[in-house]
Amino acid sequence: MRSSRLILYLVLLAITVVAPYALPAFKQQLATLWIMIIVAMTWDMTGGQMGYNSLGNIFFYGTGMYVAALVTIGLVYNIGDYTSASGGGTDTFTRGQYFTGLIVGSLAAGLFCAVCAVVIGYITFGLRGPYFAIGTLGVAVAAGELVANWDWVGGGQGITLPVFPGSFETGKLILYFALAGIGIVLFLILRWLYSTRFGAAINAIRDDEEKAEAMGLHTMRYKLTTWAIAAFFVGIIGGIAGFQAISFEPLETAYQTINLGIFMVVCVLLGGKGTLWGPIIGAVLFQIFKELTWTYLLGWQWVALGALIVVSVVYFQQGLVGWLMTVRPEWFGIRVEGRDGGEAKAEAAE
Amino acid sequence: MSAIIEVRNVSKSYGGVQANTDISIDVVQGGITGLIGPNGSGKTTLFNSIVGYHPINEGSIRFEGREISRMQVPQIARLGLLRTFQQTRIYGAMNCVENMLISLPHRKMRFLDAFRRNSAVDKEKAERLLDFVGLYEKRFLQSGSLSFGQQKLLEFAMALMNEPTVLLLDEPTAGINPTLINGLIDRLKRANTEFGITLFIIEHNMRVIMNMAESIYCLAHGRLLAHGSPEEIQNDQNVIDAYLGAH
């Protein structure tokens, strides 16, 4: 069992490494796939594991994009001068300045977003169920509008980042591996986190928060920590996504509530909420579906996507992994009273 | 015979409904105290006030000499004052052992302890307490699939796992098969004598409460009607009238 799992991980790692070389024309799509996987996994931390459906995680993506860009530019130029020239002089970043910006900027974005999550969470975690979803959505929408009217950071025009100082293809490759690496680190962290008492505590909050409080759990502390970890990773990949986009504007690219903000939820619903692999499987399926419809059903792609969302929400709420769990609970070590001999075994032991 | 919980002149209203009026109660340290009263007499409201579920309008509630009437539910729980619910609450998607492990006393845990896995000692303790309530054979079954009575036993075991000083039980025998009730009474008594947990119990089953409690309070219409030993309460004309509806 353990060795078969190790082999699975190694095969997936090999696919991750080989993919951009085997499919050189799809580097951008593969990088986007990793963005999907990461936002889905982080969304599931609160939405699936903790029972808090946030529609505002896109806030961290957009904020991460802006923080990373501003740090990158601010380390070299005066930000106000740079943005008022609308990115004039974008090619005057050295290789060192580019990479410093990419690394320091993305990390700063992650940290800033984690702090934002604690502050916003402290206010919004008093809301439950759909109210939390709407409250966080409001934060993301408001942030997008605020940034769009803030001239110092480029206003509605957005920001143009430096292009990669080297060949275009190498640039794409580096961003792909940066995103894949962060995705793998996130997966390993979550795999460990969900096996600790912390994982059990956030599951308890999901199952019955009032009971968890009555048992003395530090519910607010766990909720804030979970969201801060999620925000940290979303902020980082937001920062990297900014470098991938090169030029981005606030409402359609950074705080894209109706695109990525919804996609991440759909990915998790497709794959299965509250499971380690569900968000990943869902993100892969969703990305394939999205790329296929955008290629072969152009003009109808939004209709197809909307239909997918409606069908999965109405008829397939538990998602692929969730469905497997109900059909084959023994694969997941779940034993139910009066099923699969659970009762019989218990009685035999008496 | 010192009081571990001192409720003094507590009043609580929901809008115009006066649920508790000027109630004073002592829960004796190390003992079993009962709380009875007809439906709607304010028993659960009083429990909720004690554990910090809602703010009280007037009065004072002290636990081990400390004023707790302004504290939040998890804070009070971490002091060692725990409650179980009338409508049993467990984490249905988890199995019994997982339910037990999440109930480890958080007052003894630092933040970083949350990032560890449960030790063999913790698991052993969980299984021992599940054995104590008679759920050992069912410990790996999904708790939501257990019967209501078994879920109630699990909730009781979870409370013991938390090592409380005082346990407030809201109708522990409601909905339990009569043949299991004797076993439950026995376990409640043992929790009191062996684990040294002070019990404060709301109960409708007179046989149960007269059998267990040394001191019983009776509420009616949100006011304290009577207080005394089981014999005194059984012979109190006011209590009998409250239950049978005298005019």
# chains A, B, ... in the order shown; residues from 1 in each chain; ligands from 1
$ residues_around --residues "B:Ala19" --least-positions-apart "3" --cutoff "10 Å" --atoms "only C-alpha atoms" --output "ChimeraX atom specification"
/B:11-16,40-46,220-223
$ residues_around --residues "A:Leu320" --least-positions-apart "2" --cutoff "12 Å" --atoms "only C-alpha atoms" --output "PyMOL selection string"
chain A and resi 267-275+277-283+285+312+315-318+322-328
$ write_last_selection --atoms "C-alpha atoms" --output "PDB file, in the first residue's frame"
ATOM      1  CA  CYS A 267     -13.165  22.714  -9.496  1.00  0.00           C
ATOM      2  CA  VAL A 268     -13.685  21.663  -5.884  1.00  0.00           C
ATOM      3  CA  LEU A 269     -17.353  20.788  -6.405  1.00  0.00           C
ATOM      4  CA  LEU A 270     -16.451  18.653  -9.445  1.00  0.00           C
ATOM      5  CA  GLY A 271     -13.697  16.783  -7.670  1.00  0.00           C
ATOM      6  CA  GLY A 272     -15.221  16.502  -4.200  1.00  0.00           C
ATOM      7  CA  LYS A 273     -15.262  18.873  -1.220  1.00  0.00           C
ATOM      8  CA  GLY A 274     -13.321  18.115   1.895  1.00  0.00           C
ATOM      9  CA  THR A 275     -10.973  15.579   0.332  1.00  0.00           C
ATOM     10  CA  TRP A 277      -7.413  14.717  -3.994  1.00  0.00           C
ATOM     11  CA  GLY A 278     -10.857  16.046  -4.931  1.00  0.00           C
ATOM     12  CA  PRO A 279      -9.768  19.624  -5.688  1.00  0.00           C
ATOM     13  CA  ILE A 280      -6.804  18.407  -7.751  1.00  0.00           C
ATOM     14  CA  ILE A 281      -8.860  15.965  -9.830  1.00  0.00           C
ATOM     15  CA  GLY A 282     -11.575  18.580 -10.197  1.00  0.00           C
ATOM     16  CA  ALA A 283      -9.090  21.223 -11.350  1.00  0.00           C
ATOM     17  CA  LEU A 285     -11.103  17.964 -15.311  1.00  0.00           C
ATOM     18  CA  SER A 312     -22.633  19.666 -10.942  1.00  0.00           C
ATOM     19  CA  TYR A 315     -27.053  16.650  -9.532  1.00  0.00           C
ATOM     20  CA  PHE A 316     -23.524  15.954  -8.381  1.00  0.00           C
ATOM     21  CA  GLN A 317     -22.886  17.905  -5.218  1.00  0.00           C
ATOM     22  CA  GLN A 318     -20.538  15.469  -3.580  1.00  0.00           C
ATOM     23  CA  GLY A 322     -17.204  12.324  -2.621  1.00  0.00           C
ATOM     24  CA  TRP A 323     -19.302  10.050  -4.819  1.00  0.00           C
ATOM     25  CA  LEU A 324     -16.659   7.328  -4.584  1.00  0.00           C
ATOM     26  CA  MET A 325     -16.706   7.713  -0.799  1.00  0.00           C
ATOM     27  CA  THR A 326     -20.421   6.963  -0.645  1.00  0.00           C
ATOM     28  CA  VAL A 327     -20.260   4.090  -3.128  1.00  0.00           C
ATOM     29  CA  ARG A 328     -17.058   2.519  -1.828  1.00  0.00           C
TER      30      ARG A 328
END
$ select_by_dssp --residues "stretch 9-125 of chain B" --states "helix (DSSP H, G or I)" --output "ChimeraX atom specification"
/B:43-50,73-79,96-101,106-108,111-115,120-125
$ interface_residues --of "chain A" --to "chain B" --cutoff "6 Å" --atoms "only C-alpha atoms" --output "list in words"
Thr196, Arg197, Phe198, Asp207, Glu213, Ala214, Met215, Gly216, Arg335, Val336, Glu337 and Ala346 of chain A
$ residues_around --residues "B:Gly31" --least-positions-apart "6" --cutoff "10 Å" --atoms "only C-alpha atoms" --output "ChimeraX atom specification"
/B:1,3-4,166,189,192-193,196-200,212-215
$ atom_distance --atom1 "atom CA of B:Ile209" --atom2 "atom CA of B:Ser60"
26.4 Å
$ select_by_dssp --residues "stretch 138-200 of chain B" --states "strand (DSSP E or B)" --output "list in words"
Leu141, Gln142, Val166, Leu167, Leu168, Leu169, Asp170, Thr198, Leu199 and Phe200 of chain B
$ write_last_selection --atoms "C-alpha atoms" --output "mmCIF file, in the first residue's frame"
data_model
loop_
_atom_site.group_PDB
_atom_site.id
_atom_site.type_symbol
_atom_site.label_atom_id
_atom_site.label_comp_id
_atom_site.auth_asym_id
_atom_site.auth_seq_id
_atom_site.Cartn_x
_atom_site.Cartn_y
_atom_site.Cartn_z
ATOM 1 C CA LEU B 141 -17.918 3.029 12.922
ATOM 2 C CA GLN B 142 -19.005 6.373 11.514
ATOM 3 C CA VAL B 166 -18.127 20.154 36.235
ATOM 4 C CA LEU B 167 -20.378 18.540 33.663
ATOM 5 C CA LEU B 168 -23.798 19.984 32.858
ATOM 6 C CA LEU B 169 -26.006 17.285 31.367
ATOM 7 C CA ASP B 170 -29.188 18.305 29.574
ATOM 8 C CA THR B 198 -19.246 17.327 39.692
ATOM 9 C CA LEU B 199 -22.542 16.750 37.884
ATOM 10 C CA PHE B 200 -25.413 19.161 37.346
#
$ residues_around --residues "A:Gly80" --least-positions-apart "3" --cutoff "9 Å" --atoms "only C-alpha atoms" --output "list in words"
Tyr77, Thr83, Ser84, Ala85, Asp151, Trp152, Val153 and Gly154 of chain A
$ write_last_selection --atoms "N, CA and C atoms" --output "mmCIF file, in the first residue's frame"
data_model
loop_
_atom_site.group_PDB
_atom_site.id
_atom_site.type_symbol
_atom_site.label_atom_id
_atom_site.label_comp_id
_atom_site.auth_asym_id
_atom_site.auth_seq_id
_atom_site.Cartn_x
_atom_site.Cartn_y
_atom_site.Cartn_z
ATOM 1 N N TYR A 77 12.078 51.490 -9.505
ATOM 2 C CA TYR A 77 11.592 52.803 -9.919
ATOM 3 C C TYR A 77 10.648 53.405 -8.894
ATOM 4 N N THR A 83 3.778 54.013 -13.217
ATOM 5 C CA THR A 83 2.407 53.737 -13.647
ATOM 6 C C THR A 83 1.822 54.876 -14.470
ATOM 7 N N SER A 84 2.223 56.127 -14.171
ATOM 8 C CA SER A 84 1.648 57.229 -14.953
ATOM 9 C C SER A 84 2.203 57.217 -16.368
ATOM 10 N N ALA A 85 3.368 56.577 -16.568
ATOM 11 C CA ALA A 85 3.891 56.415 -17.926
ATOM 12 C C ALA A 85 3.312 55.161 -18.565
ATOM 13 N N ASP A 151 -5.179 55.701 -8.916
ATOM 14 C CA ASP A 151 -4.289 56.014 -10.027
ATOM 15 C C ASP A 151 -2.831 55.652 -9.757
ATOM 16 N N TRP A 152 -2.445 55.756 -8.490
ATOM 17 C CA TRP A 152 -1.046 55.484 -8.140
ATOM 18 C C TRP A 152 -0.617 54.068 -8.570
ATOM 19 N N VAL A 153 -1.574 53.119 -8.526
ATOM 20 C CA VAL A 153 -1.246 51.755 -8.953
ATOM 21 C C VAL A 153 -1.745 51.470 -10.369
ATOM 22 N N GLY A 154 -1.987 52.535 -11.124
ATOM 23 C CA GLY A 154 -2.341 52.336 -12.523
ATOM 24 C C GLY A 154 -3.824 52.439 -12.831
#
